[in-house]
Structures are given as C-alpha cells and as structure tokens.
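Chemist: Data file start06.cif (mmCIF, N, CA and C atoms) is appended below.
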data_entry
#
loop_
_atom_site.group_PDB
_atom_site.id
_atom_site.type_symbol
_atom_site.label_atom_id
_atom_site.label_comp_id
_atom_site.auth_asym_id
_atom_site.auth_seq_id
_atom_site.Cartn_x
_atom_site.Cartn_y
_atom_site.Cartn_z
ATOM 1 N N MET A 8 -82.170 -72.632 37.455
ATOM 2 C CA MET A 8 -81.498 -71.653 38.273
ATOM 3 C C MET A 8 -80.106 -71.390 37.702
ATOM 4 N N GLY A 9 -79.518 -70.278 38.043
ATOM 5 C CA GLY A 9 -78.199 -69.905 37.549
ATOM 6 C C GLY A 9 -77.096 -70.335 38.502
ATOM 7 N N ALA A 10 -75.932 -70.452 37.956
ATOM 8 C CA ALA A 10 -74.776 -70.809 38.779
ATOM 9 C C ALA A 10 -74.314 -69.563 39.539
ATOM 10 N N GLU A 11 -74.032 -69.742 40.803
ATOM 11 C CA GLU A 11 -73.573 -68.624 41.612
ATOM 12 C C GLU A 11 -72.067 -68.476 41.478
ATOM 13 N N ARG A 12 -71.645 -67.246 41.395
ATOM 14 C CA ARG A 12 -70.220 -66.974 41.279
ATOM 15 C C ARG A 12 -69.672 -66.673 42.670
ATOM 16 N N VAL A 13 -68.579 -67.325 42.994
ATOM 17 C CA VAL A 13 -67.947 -67.126 44.290
ATOM 18 C C VAL A 13 -67.208 -65.803 44.262
ATOM 19 N N ALA A 14 -67.438 -64.989 45.287
ATOM 20 C CA ALA A 14 -66.764 -63.690 45.360
ATOM 21 C C ALA A 14 -65.325 -63.904 45.780
ATOM 22 N N GLY A 15 -64.418 -63.659 44.879
ATOM 23 C CA GLY A 15 -62.993 -63.806 45.156
ATOM 24 C C GLY A 15 -62.286 -62.490 44.910
ATOM 25 N N PRO A 16 -60.973 -62.491 44.997
ATOM 26 C CA PRO A 16 -60.221 -61.269 44.733
ATOM 27 C C PRO A 16 -60.508 -60.747 43.335
ATOM 28 N N GLY A 17 -60.767 -59.478 43.240
ATOM 29 C CA GLY A 17 -61.079 -58.868 41.960
ATOM 30 C C GLY A 17 -62.553 -58.788 41.672
ATOM 31 N N TYR A 18 -63.393 -59.391 42.524
ATOM 32 C CA TYR A 18 -64.830 -59.359 42.341
ATOM 33 C C TYR A 18 -65.514 -58.490 43.393
ATOM 34 N N GLY A 19 -64.831 -57.493 43.903
ATOM 35 C CA GLY A 19 -65.431 -56.579 44.843
ATOM 36 C C GLY A 19 -65.193 -56.945 46.301
ATOM 37 N N ARG A 20 -64.656 -58.117 46.564
ATOM 38 C CA ARG A 20 -64.380 -58.521 47.933
ATOM 39 C C ARG A 20 -62.920 -58.243 48.209
ATOM 40 N N SER A 21 -62.634 -57.610 49.333
ATOM 41 C CA SER A 21 -61.246 -57.273 49.623
ATOM 42 C C SER A 21 -60.486 -58.497 50.129
ATOM 43 N N VAL A 22 -59.198 -58.507 49.883
ATOM 44 C CA VAL A 22 -58.338 -59.579 50.347
ATOM 45 C C VAL A 22 -58.110 -59.403 51.830
ATOM 46 N N ASN A 23 -58.133 -60.469 52.566
ATOM 47 C CA ASN A 23 -57.932 -60.398 54.005
ATOM 48 C C ASN A 23 -56.437 -60.351 54.295
ATOM 49 N N ALA A 24 -55.869 -59.177 54.129
ATOM 50 C CA ALA A 24 -54.455 -58.992 54.415
ATOM 51 C C ALA A 24 -54.337 -58.511 55.849
ATOM 52 N N GLY A 25 -53.699 -59.298 56.674
ATOM 53 C CA GLY A 25 -53.598 -58.974 58.087
ATOM 54 C C GLY A 25 -52.689 -57.794 58.350
ATOM 55 N N GLU A 26 -52.674 -57.374 59.591
ATOM 56 C CA GLU A 26 -51.819 -56.261 59.990
ATOM 57 C C GLU A 26 -50.362 -56.618 59.731
ATOM 58 N N GLY A 27 -49.643 -55.733 59.069
ATOM 59 C CA GLY A 27 -48.225 -55.939 58.822
ATOM 60 C C GLY A 27 -47.922 -56.991 57.773
ATOM 61 N N SER A 28 -48.880 -57.274 56.892
ATOM 62 C CA SER A 28 -48.620 -58.272 55.863
ATOM 63 C C SER A 28 -47.540 -57.776 54.904
ATOM 64 N N LEU A 29 -46.910 -58.688 54.234
ATOM 65 C CA LEU A 29 -45.798 -58.366 53.341
ATOM 66 C C LEU A 29 -46.236 -57.467 52.185
ATOM 67 N N VAL A 30 -47.456 -57.655 51.712
ATOM 68 C CA VAL A 30 -47.955 -56.836 50.605
ATOM 69 C C VAL A 30 -48.080 -55.379 51.044
ATOM 70 N N LYS A 31 -48.583 -55.169 52.245
ATOM 71 C CA LYS A 31 -48.714 -53.799 52.746
ATOM 72 C C LYS A 31 -47.347 -53.156 52.957
ATOM 73 N N VAL A 32 -46.378 -53.938 53.391
ATOM 74 C CA VAL A 32 -45.021 -53.414 53.583
ATOM 75 C C VAL A 32 -44.425 -53.006 52.235
ATOM 76 N N PHE A 33 -44.584 -53.861 51.211
ATOM 77 C CA PHE A 33 -44.081 -53.516 49.881
ATOM 78 C C PHE A 33 -44.775 -52.281 49.323
ATOM 79 N N CYS A 34 -46.070 -52.148 49.571
ATOM 80 C CA CYS A 34 -46.803 -50.977 49.099
ATOM 81 C C CYS A 34 -46.308 -49.713 49.810
ATOM 82 N N ALA A 35 -46.042 -49.808 51.096
ATOM 83 C CA ALA A 35 -45.528 -48.656 51.835
ATOM 84 C C ALA A 35 -44.141 -48.254 51.337
ATOM 85 N N ILE A 36 -43.296 -49.237 51.064
ATOM 86 C CA ILE A 36 -41.960 -48.948 50.524
ATOM 87 C C ILE A 36 -42.077 -48.284 49.152
ATOM 88 N N ALA A 37 -43.016 -48.759 48.332
ATOM 89 C CA ALA A 37 -43.215 -48.171 47.010
ATOM 90 C C ALA A 37 -43.699 -46.733 47.107
ATOM 91 N N VAL A 38 -44.577 -46.440 48.070
ATOM 92 C CA VAL A 38 -45.073 -45.074 48.248
ATOM 93 C C VAL A 38 -43.931 -44.143 48.653
ATOM 94 N N VAL A 39 -43.092 -44.579 49.575
ATOM 95 C CA VAL A 39 -41.962 -43.755 50.009
ATOM 96 C C VAL A 39 -40.990 -43.535 48.851
ATOM 97 N N ALA A 40 -40.722 -44.581 48.080
ATOM 98 C CA ALA A 40 -39.810 -44.447 46.937
ATOM 99 C C ALA A 40 -40.391 -43.519 45.876
ATOM 100 N N ASP A 41 -41.708 -43.591 45.640
ATOM 101 C CA ASP A 41 -42.335 -42.697 44.661
ATOM 102 C C ASP A 41 -42.279 -41.243 45.119
ATOM 103 N N LEU A 42 -42.502 -41.003 46.399
ATOM 104 C CA LEU A 42 -42.422 -39.637 46.904
ATOM 105 C C LEU A 42 -40.990 -39.106 46.841
ATOM 106 N N ALA A 43 -40.017 -39.968 47.085
ATOM 107 C CA ALA A 43 -38.615 -39.555 46.953
ATOM 108 C C ALA A 43 -38.280 -39.233 45.497
ATOM 109 N N LEU A 44 -38.822 -40.016 44.577
ATOM 110 C CA LEU A 44 -38.605 -39.745 43.157
ATOM 111 C C LEU A 44 -39.266 -38.437 42.743
ATOM 112 N N ALA A 45 -40.451 -38.151 43.282
ATOM 113 C CA ALA A 45 -41.119 -36.879 42.995
ATOM 114 C C ALA A 45 -40.292 -35.710 43.536
ATOM 115 N N ALA A 46 -39.718 -35.879 44.722
ATOM 116 C CA ALA A 46 -38.858 -34.826 45.281
ATOM 117 C C ALA A 46 -37.626 -34.619 44.412
ATOM 118 N N LEU A 47 -37.065 -35.700 43.890
ATOM 119 C CA LEU A 47 -35.911 -35.579 42.992
ATOM 120 C C LEU A 47 -36.295 -34.842 41.707
ATOM 121 N N LEU A 48 -37.484 -35.132 41.187
ATOM 122 C CA LEU A 48 -37.931 -34.424 39.986
ATOM 123 C C LEU A 48 -38.101 -32.930 40.255
ATOM 124 N N VAL A 49 -38.621 -32.582 41.414
ATOM 125 C CA VAL A 49 -38.770 -31.167 41.754
ATOM 126 C C VAL A 49 -37.395 -30.516 41.913
ATOM 127 N N ALA A 50 -36.455 -31.235 42.516
ATOM 128 C CA ALA A 50 -35.109 -30.692 42.690
ATOM 129 C C ALA A 50 -34.409 -30.472 41.347
ATOM 130 N N LEU A 51 -34.676 -31.331 40.385
ATOM 131 C CA LEU A 51 -34.043 -31.211 39.065
ATOM 132 C C LEU A 51 -34.812 -30.303 38.113
ATOM 133 N N SER A 52 -35.961 -29.797 38.541
ATOM 134 C CA SER A 52 -36.776 -28.989 37.633
ATOM 135 C C SER A 52 -36.086 -27.686 37.233
ATOM 136 N N GLY A 53 -35.169 -27.206 38.041
ATOM 137 C CA GLY A 53 -34.435 -25.984 37.688
ATOM 138 C C GLY A 53 -33.606 -26.155 36.433
ATOM 139 N N PHE A 54 -33.132 -27.363 36.178
ATOM 140 C CA PHE A 54 -32.350 -27.607 34.963
ATOM 141 C C PHE A 54 -33.231 -27.637 33.722
ATOM 142 N N ILE A 55 -34.531 -27.888 33.905
ATOM 143 C CA ILE A 55 -35.445 -27.927 32.766
ATOM 144 C C ILE A 55 -36.080 -26.571 32.531
ATOM 145 N N PHE A 56 -36.549 -25.952 33.610
ATOM 146 C CA PHE A 56 -37.274 -24.692 33.475
ATOM 147 C C PHE A 56 -36.418 -23.466 33.748
ATOM 148 N N GLY A 57 -35.208 -23.653 34.235
ATOM 149 C CA GLY A 57 -34.357 -22.525 34.629
ATOM 150 C C GLY A 57 -33.815 -21.751 33.449
ATOM 151 N N GLY A 58 -33.459 -20.522 33.726
ATOM 152 C CA GLY A 58 -32.940 -19.661 32.669
ATOM 153 C C GLY A 58 -31.431 -19.522 32.696
ATOM 154 N N GLY A 59 -30.780 -20.251 33.591
ATOM 155 C CA GLY A 59 -29.326 -20.156 33.699
ATOM 156 C C GLY A 59 -28.630 -20.836 32.534
ATOM 157 N N PRO A 60 -27.294 -20.797 32.524
ATOM 158 C CA PRO A 60 -26.552 -21.406 31.420
ATOM 159 C C PRO A 60 -26.715 -22.917 31.351
ATOM 160 N N GLU A 61 -27.030 -23.566 32.483
ATOM 161 C CA GLU A 61 -27.195 -25.016 32.453
ATOM 162 C C GLU A 61 -28.640 -25.430 32.198
ATOM 163 N N GLY A 62 -29.569 -24.481 32.188
ATOM 164 C CA GLY A 62 -30.979 -24.794 32.002
ATOM 165 C C GLY A 62 -31.346 -24.968 30.541
ATOM 166 N N MET A 63 -32.474 -25.639 30.310
ATOM 167 C CA MET A 63 -32.970 -25.848 28.955
ATOM 168 C C MET A 63 -33.901 -24.722 28.523
ATOM 169 N N HIS A 64 -34.112 -23.748 29.382
ATOM 170 C CA HIS A 64 -34.948 -22.586 29.110
ATOM 171 C C HIS A 64 -36.381 -23.003 28.772
ATOM 172 N N GLY A 65 -36.867 -24.049 29.395
ATOM 173 C CA GLY A 65 -38.253 -24.458 29.231
ATOM 174 C C GLY A 65 -38.583 -25.043 27.879
ATOM 175 N N GLU A 66 -37.671 -25.803 27.282
ATOM 176 C CA GLU A 66 -37.948 -26.452 26.006
ATOM 177 C C GLU A 66 -39.214 -27.300 26.138
ATOM 178 N N ALA A 67 -40.090 -27.232 25.158
ATOM 179 C CA ALA A 67 -41.414 -27.845 25.252
ATOM 180 C C ALA A 67 -41.348 -29.360 25.455
ATOM 181 N N GLY A 68 -40.495 -30.042 24.727
ATOM 182 C CA GLY A 68 -40.406 -31.499 24.860
ATOM 183 C C GLY A 68 -39.949 -31.935 26.234
ATOM 184 N N ALA A 69 -38.950 -31.240 26.764
ATOM 185 C CA ALA A 69 -38.453 -31.571 28.095
ATOM 186 C C ALA A 69 -39.492 -31.273 29.163
ATOM 187 N N ALA A 70 -40.225 -30.173 28.981
ATOM 188 C CA ALA A 70 -41.255 -29.818 29.957
ATOM 189 C C ALA A 70 -42.396 -30.829 29.951
ATOM 190 N N ILE A 71 -42.786 -31.309 28.786
ATOM 191 C CA ILE A 71 -43.862 -32.304 28.692
ATOM 192 C C ILE A 71 -43.439 -33.613 29.345
ATOM 193 N N VAL A 72 -42.218 -34.051 29.088
ATOM 194 C CA VAL A 72 -41.729 -35.292 29.705
ATOM 195 C C VAL A 72 -41.627 -35.136 31.212
ATOM 196 N N TRP A 73 -41.175 -33.964 31.680
ATOM 197 C CA TRP A 73 -41.063 -33.732 33.124
ATOM 198 C C TRP A 73 -42.423 -33.785 33.779
ATOM 199 N N TRP A 74 -43.416 -33.096 33.199
ATOM 200 C CA TRP A 74 -44.757 -33.094 33.780
ATOM 201 C C TRP A 74 -45.376 -34.489 33.758
ATOM 202 N N ALA A 75 -45.183 -35.234 32.677
ATOM 203 C CA ALA A 75 -45.727 -36.596 32.604
ATOM 204 C C ALA A 75 -45.099 -37.483 33.675
ATOM 205 N N ALA A 76 -43.793 -37.367 33.858
ATOM 206 C CA ALA A 76 -43.120 -38.171 34.883
ATOM 207 C C ALA A 76 -43.573 -37.770 36.277
ATOM 208 N N PHE A 77 -43.754 -36.479 36.512
ATOM 209 C CA PHE A 77 -44.180 -36.009 37.828
ATOM 210 C C PHE A 77 -45.598 -36.478 38.152
ATOM 211 N N ILE A 78 -46.506 -36.378 37.190
ATOM 212 C CA ILE A 78 -47.886 -36.828 37.410
ATOM 213 C C ILE A 78 -47.935 -38.334 37.606
ATOM 214 N N ALA A 79 -47.185 -39.084 36.804
ATOM 215 C CA ALA A 79 -47.165 -40.541 36.956
ATOM 216 C C ALA A 79 -46.578 -40.950 38.299
ATOM 217 N N THR A 80 -45.581 -40.219 38.762
ATOM 218 C CA THR A 80 -44.953 -40.535 40.046
ATOM 219 C C THR A 80 -45.907 -40.285 41.203
ATOM 220 N N LEU A 81 -46.772 -39.293 41.087
ATOM 221 C CA LEU A 81 -47.741 -39.035 42.145
ATOM 222 C C LEU A 81 -48.993 -39.903 42.023
ATOM 223 N N ALA A 82 -49.380 -40.266 40.801
ATOM 224 C CA ALA A 82 -50.598 -41.052 40.599
ATOM 225 C C ALA A 82 -50.396 -42.546 40.869
ATOM 226 N N ALA A 83 -49.206 -43.058 40.635
ATOM 227 C CA ALA A 83 -48.964 -44.496 40.784
ATOM 228 C C ALA A 83 -49.206 -45.015 42.206
ATOM 229 N N PRO A 84 -48.713 -44.358 43.260
ATOM 230 C CA PRO A 84 -48.992 -44.901 44.589
ATOM 231 C C PRO A 84 -50.466 -44.802 44.970
ATOM 232 N N ILE A 85 -51.150 -43.770 44.490
ATOM 233 C CA ILE A 85 -52.583 -43.651 44.775
ATOM 234 C C ILE A 85 -53.340 -44.804 44.128
ATOM 235 N N LEU A 86 -53.039 -45.069 42.872
ATOM 236 C CA LEU A 86 -53.682 -46.174 42.168
ATOM 237 C C LEU A 86 -53.311 -47.517 42.799
ATOM 238 N N GLY A 87 -52.064 -47.654 43.218
ATOM 239 C CA GLY A 87 -51.643 -48.893 43.862
ATOM 240 C C GLY A 87 -52.379 -49.158 45.162
ATOM 241 N N ILE A 88 -52.567 -48.119 45.970
ATOM 242 C CA ILE A 88 -53.292 -48.289 47.235
ATOM 243 C C ILE A 88 -54.764 -48.587 46.975
ATOM 244 N N LEU A 89 -55.353 -47.937 45.966
ATOM 245 C CA LEU A 89 -56.742 -48.232 45.628
ATOM 246 C C LEU A 89 -56.911 -49.684 45.188
ATOM 247 N N LEU A 90 -55.994 -50.168 44.371
ATOM 248 C CA LEU A 90 -56.070 -51.562 43.942
ATOM 249 C C LEU A 90 -55.842 -52.524 45.107
ATOM 250 N N LEU A 91 -54.970 -52.163 46.022
ATOM 251 C CA LEU A 91 -54.745 -52.986 47.217
ATOM 252 C C LEU A 91 -56.022 -53.094 48.031
ATOM 253 N N ARG A 92 -56.739 -51.994 48.175
ATOM 254 C CA ARG A 92 -57.981 -51.997 48.944
ATOM 255 C C ARG A 92 -59.112 -52.704 48.213
ATOM 256 N N ARG A 93 -59.055 -52.741 46.887
ATOM 257 C CA ARG A 93 -60.105 -53.380 46.089
ATOM 258 C C ARG A 93 -59.880 -54.880 45.900
ATOM 259 N N GLY A 94 -58.823 -55.403 46.491
ATOM 260 C CA GLY A 94 -58.612 -56.836 46.409
ATOM 261 C C GLY A 94 -57.647 -57.287 45.341
ATOM 262 N N ARG A 95 -56.871 -56.389 44.780
ATOM 263 C CA ARG A 95 -55.876 -56.730 43.757
ATOM 264 C C ARG A 95 -54.496 -56.318 44.252
ATOM 265 N N PRO A 96 -53.979 -56.969 45.289
ATOM 266 C CA PRO A 96 -52.732 -56.504 45.908
ATOM 267 C C PRO A 96 -51.505 -56.640 45.023
ATOM 268 N N GLY A 97 -51.419 -57.700 44.235
ATOM 269 C CA GLY A 97 -50.241 -57.915 43.402
ATOM 270 C C GLY A 97 -50.066 -56.833 42.353
ATOM 271 N N ILE A 98 -51.126 -56.573 41.609
ATOM 272 C CA ILE A 98 -51.048 -55.550 40.565
ATOM 273 C C ILE A 98 -50.944 -54.161 41.189
ATOM 274 N N GLY A 99 -51.517 -53.980 42.377
ATOM 275 C CA GLY A 99 -51.413 -52.695 43.063
ATOM 276 C C GLY A 99 -49.982 -52.351 43.437
ATOM 277 N N VAL A 100 -49.265 -53.319 43.982
ATOM 278 C CA VAL A 100 -47.866 -53.087 44.349
ATOM 279 C C VAL A 100 -47.020 -52.890 43.091
ATOM 280 N N LEU A 101 -47.318 -53.645 42.041
ATOM 281 C CA LEU A 101 -46.572 -53.491 40.787
ATOM 282 C C LEU A 101 -46.757 -52.097 40.200
ATOM 283 N N ILE A 102 -47.976 -51.594 40.203
ATOM 284 C CA ILE A 102 -48.222 -50.251 39.673
ATOM 285 C C ILE A 102 -47.579 -49.201 40.563
ATOM 286 N N ALA A 103 -47.621 -49.405 41.888
ATOM 287 C CA ALA A 103 -46.993 -48.443 42.797
ATOM 288 C C ALA A 103 -45.475 -48.408 42.604
ATOM 289 N N CYS A 104 -44.890 -49.527 42.226
ATOM 290 C CA CYS A 104 -43.433 -49.592 42.011
ATOM 291 C C CYS A 104 -43.021 -49.191 40.598
ATOM 292 N N ALA A 105 -43.957 -49.044 39.690
ATOM 293 C CA ALA A 105 -43.643 -48.801 38.278
ATOM 294 C C ALA A 105 -42.781 -47.558 38.037
ATOM 295 N N PRO A 106 -43.058 -46.392 38.647
ATOM 296 C CA PRO A 106 -42.196 -45.232 38.370
ATOM 297 C C PRO A 106 -40.747 -45.448 38.784
ATOM 298 N N VAL A 107 -40.535 -46.123 39.901
ATOM 299 C CA VAL A 107 -39.168 -46.377 40.351
ATOM 300 C C VAL A 107 -38.479 -47.366 39.408
ATOM 301 N N ILE A 108 -39.198 -48.376 38.960
ATOM 302 C CA ILE A 108 -38.635 -49.356 38.025
ATOM 303 C C ILE A 108 -38.261 -48.675 36.711
ATOM 304 N N VAL A 109 -39.146 -47.818 36.200
ATOM 305 C CA VAL A 109 -38.875 -47.109 34.944
ATOM 306 C C VAL A 109 -37.695 -46.149 35.118
ATOM 307 N N ALA A 110 -37.625 -45.469 36.262
ATOM 308 C CA ALA A 110 -36.501 -44.555 36.514
ATOM 309 C C ALA A 110 -35.186 -45.308 36.574
ATOM 310 N N LEU A 111 -35.186 -46.460 37.221
ATOM 311 C CA LEU A 111 -33.950 -47.269 37.279
ATOM 312 C C LEU A 111 -33.570 -47.792 35.905
ATOM 313 N N LEU A 112 -34.583 -48.136 35.097
ATOM 314 C CA LEU A 112 -34.311 -48.598 33.739
ATOM 315 C C LEU A 112 -33.685 -47.490 32.902
ATOM 316 N N PHE A 113 -34.258 -46.278 32.974
ATOM 317 C CA PHE A 113 -33.691 -45.146 32.237
ATOM 318 C C PHE A 113 -32.307 -44.771 32.743
ATOM 319 N N ALA A 114 -32.082 -44.878 34.041
ATOM 320 C CA ALA A 114 -30.769 -44.549 34.601
ATOM 321 C C ALA A 114 -29.715 -45.554 34.157
ATOM 322 N N SER A 115 -30.109 -46.816 33.990
ATOM 323 C CA SER A 115 -29.134 -47.825 33.572
ATOM 324 C C SER A 115 -28.834 -47.738 32.082
ATOM 325 N N ILE A 116 -29.753 -47.201 31.289
ATOM 326 C CA ILE A 116 -29.539 -47.074 29.847
ATOM 327 C C ILE A 116 -28.563 -45.953 29.540
ATOM 328 N N SER A 117 -28.722 -44.824 30.224
ATOM 329 C CA SER A 117 -27.885 -43.666 29.898
ATOM 330 C C SER A 117 -26.625 -43.640 30.693
#
Take the structure in this file and express it as structure tokens.

Modeler:
Amino acid sequence: MGAERVAGPGYGRSVNAGEGSLVKVFCAIAVVADLALAALLVALSGFIFGGGPEGMHGEAGAAIVWWAAFIATLAAPILGILLLRRGRPGIGVLIACAPVIVALLFASIS
C-alpha cells in the first residue's frame, strides 16, 4: 500500500483562520494600501500622458512603466486574497503588500 499524504496548508485544504484573524487584517490593510497606490498612479498619470509643459507627452518608456505598475497594483491584492483562500496566507499577504513595498523602496532611493 502507499503512504498517505496529510492534507496541510498548500495541499488544497484551506487554513482555519478565524474571524478577525491577524492575517486577514494584514490582507485587508494591504488591499486598501494597494487601492490608494492605484489612485495615486491615476492622479499622477497627467504628468506622463499630459500634453502640458510639465508632461512627458506620452513617452513610450514612461507609459510602459506606468501601465506595468498600475496592473501590478491591481493584480497583487487579487492574487493575495486568492492565495489566502487557498491556504497560503503568509505568501498571500506578502504578495498583496509587494506593490507598496516596491513603491516605498523607489521613493527612498530617489
């Protein structure tokens, strides 16, 4: 006979995270921060796509970076919540927080 594998986190069984658990709170904070970052990107889009004297007039490199950041900012919380529901809460919260961490890293460099 074969050895049976115990269904644990990451094997299709969800983690029993109770109501108001710390992981869910961190995931909710990450979702709000990601949406705020997406709103900031939309607010700053006039400087990238605008035709005024302060705009970049839609330079291709800046537009590609803006779109990549915007898509990553919207996709990260979705992926984080999916991973949380699939039983991988730690990596889910980390992925949901990734855009904010990267934005803070870029802000501290420049």

Chemist: Contacts of Leu44 (chain A) at 7 Å or less, counting only N, CA and C atoms, minus same-chain residues fewer than 5 places along, as number ranges by chain?

Modeler: A: 39, 49, 80

Chemist: Give me the residues near region 67-69 of chain A as a list in words, where near means some atom within 8 Å (using only N, CA and C atoms) and where sequence neighbours in that chain fewer than 4 positions away do not count.

Modeler: Ile55, Phe56, Met63, Trp73, Trp74 and Ala75 of chain A

Chemist: Return the single residue from A:Leu101, A:Ile85, A:Leu48, A:Ala79 that is closest to Phe33 (chain A), with distances computed using only N, CA and C atoms.

Modeler: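 So, comparing all the options, the nearest one is A:Leu101.
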
Chemist: Which residue gives the smallest distance to Val100 (chain A) among A:Leu47, A:Val30, A:Ala76, A:Ile71, with all atoms listed in the file counted?

Modeler: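 Closest to Val100 (chain A), using all atoms listed in the file: A:Val30.
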
Chemist: Could you please determine the separation between atom C of Val72 (chain A) and atom N of Ala40 (chain A) in Å, to one decimal place?

Modeler: 19.4 Å

Chemist: Could you check how far atom C of Ile88 (chain A) sits from atom C of Ala37 (chain A), in Å to one decimal?

Modeler: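 So the two atoms, atom C of Ile88 (chain A) and atom C of Ala37 (chain A), lie 11.2 Å apart.
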
Chemist: Would you list, as number ranges by chain, the residues of region 31-65 of chain A that end up in helix (DSSP H, G or I) under DSSP run on this structure's backbone?

Modeler: A: 31-56

Chemist: Have a look at CA of Arg93 (chain A) and CA of Leu112 (chain A) and let me know their distance in Å, one decimal.

Modeler: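 Pair CA of Arg93 (chain A) / CA of Leu112 (chain A) returns 29.0 Å.
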
Chemist: Using all atoms listed in the file, determine which residues lie at most 8 Å from region 96-99 of chain A, disregarding the query and same-chain residues fewer than 5 positions distant; provide the list as a list in words.

Modeler: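 With the cut-off at 8 Å, the set is Pro16, Gly17, Val22, Val30, Lys31, Phe33, Cys34, Ala83, Pro84, Leu86, Gly87, Ile88, Leu89, Leu90, Leu91, Cys104 and Ala105 of chain A.
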
Chemist: Starting from 6 Å padding per side, set up an axis-aligned box that covers all listed atoms of region 42-54 of chain A and hand over centre and edge lengths in Å, one decimal, as lines of an AutoDock Vina configuration file.

Modeler:
center_x = -37.4
center_y = -33.5
center_z = 40.4
size_x = 22.2
size_y = 27.0
size_z = 25.4

Chemist: Between A:Ala35, A:Val109, A:Ser115, A:Phe77, which is the closest to Leu51 (chain A) once you count only C-alpha atoms?

Modeler: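 Under the stated criterion, the closest residue is A:Phe77.
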
Chemist: Just add N, CA, C and O atoms to region 64-77 of chain A and send it as a compact mmCIF listing (two decimals), in the frame of the given file.

Modeler:
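Full text of selection-v1.txt as output:
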# COMPACT_ATOMS: atom_id res chain seq x y z
N HIS A 64 -34.11 -23.75 29.38
CA HIS A 64 -34.95 -22.59 29.11
C HIS A 64 -36.38 -23.00 28.77
O HIS A 64 -37.03 -22.38 27.94
N GLY A 65 -36.87 -24.05 29.40
CA GLY A 65 -38.25 -24.46 29.23
C GLY A 65 -38.58 -25.04 27.88
O GLY A 65 -39.66 -24.81 27.34
N GLU A 66 -37.67 -25.80 27.28
CA GLU A 66 -37.95 -26.45 26.01
C GLU A 66 -39.21 -27.30 26.14
O GLU A 66 -39.41 -28.00 27.12
N ALA A 67 -40.09 -27.23 25.16
CA ALA A 67 -41.41 -27.84 25.25
C ALA A 67 -41.35 -29.36 25.46
O ALA A 67 -42.07 -29.91 26.29
N GLY A 68 -40.49 -30.04 24.73
CA GLY A 68 -40.41 -31.50 24.86
C GLY A 68 -39.95 -31.94 26.23
O GLY A 68 -40.50 -32.86 26.83
N ALA A 69 -38.95 -31.24 26.76
CA ALA A 69 -38.45 -31.57 28.10
C ALA A 69 -39.49 -31.27 29.16
O ALA A 69 -39.64 -32.02 30.13
N ALA A 70 -40.22 -30.17 28.98
CA ALA A 70 -41.26 -29.82 29.96
C ALA A 70 -42.40 -30.83 29.95
O ALA A 70 -42.91 -31.21 31.01
N ILE A 71 -42.79 -31.31 28.79
CA ILE A 71 -43.86 -32.30 28.69
C ILE A 71 -43.44 -33.61 29.34
O ILE A 71 -44.21 -34.22 30.10
N VAL A 72 -42.22 -34.05 29.09
CA VAL A 72 -41.73 -35.29 29.70
C VAL A 72 -41.63 -35.14 31.21
O VAL A 72 -41.99 -36.04 31.97
N TRP A 73 -41.18 -33.96 31.68
CA TRP A 73 -41.06 -33.73 33.12
C TRP A 73 -42.42 -33.78 33.78
O TRP A 73 -42.60 -34.43 34.81
N TRP A 74 -43.42 -33.10 33.20
CA TRP A 74 -44.76 -33.09 33.78
C TRP A 74 -45.38 -34.49 33.76
O TRP A 74 -46.03 -34.90 34.72
N ALA A 75 -45.18 -35.23 32.68
CA ALA A 75 -45.73 -36.60 32.60
C ALA A 75 -45.10 -37.48 33.67
O ALA A 75 -45.80 -38.26 34.34
N ALA A 76 -43.79 -37.37 33.86
CA ALA A 76 -43.12 -38.17 34.88
C ALA A 76 -43.57 -37.77 36.28
O ALA A 76 -43.79 -38.63 37.14
N PHE A 77 -43.75 -36.48 36.51
CA PHE A 77 -44.18 -36.01 37.83
C PHE A 77 -45.60 -36.48 38.15
O PHE A 77 -45.87 -36.97 39.26
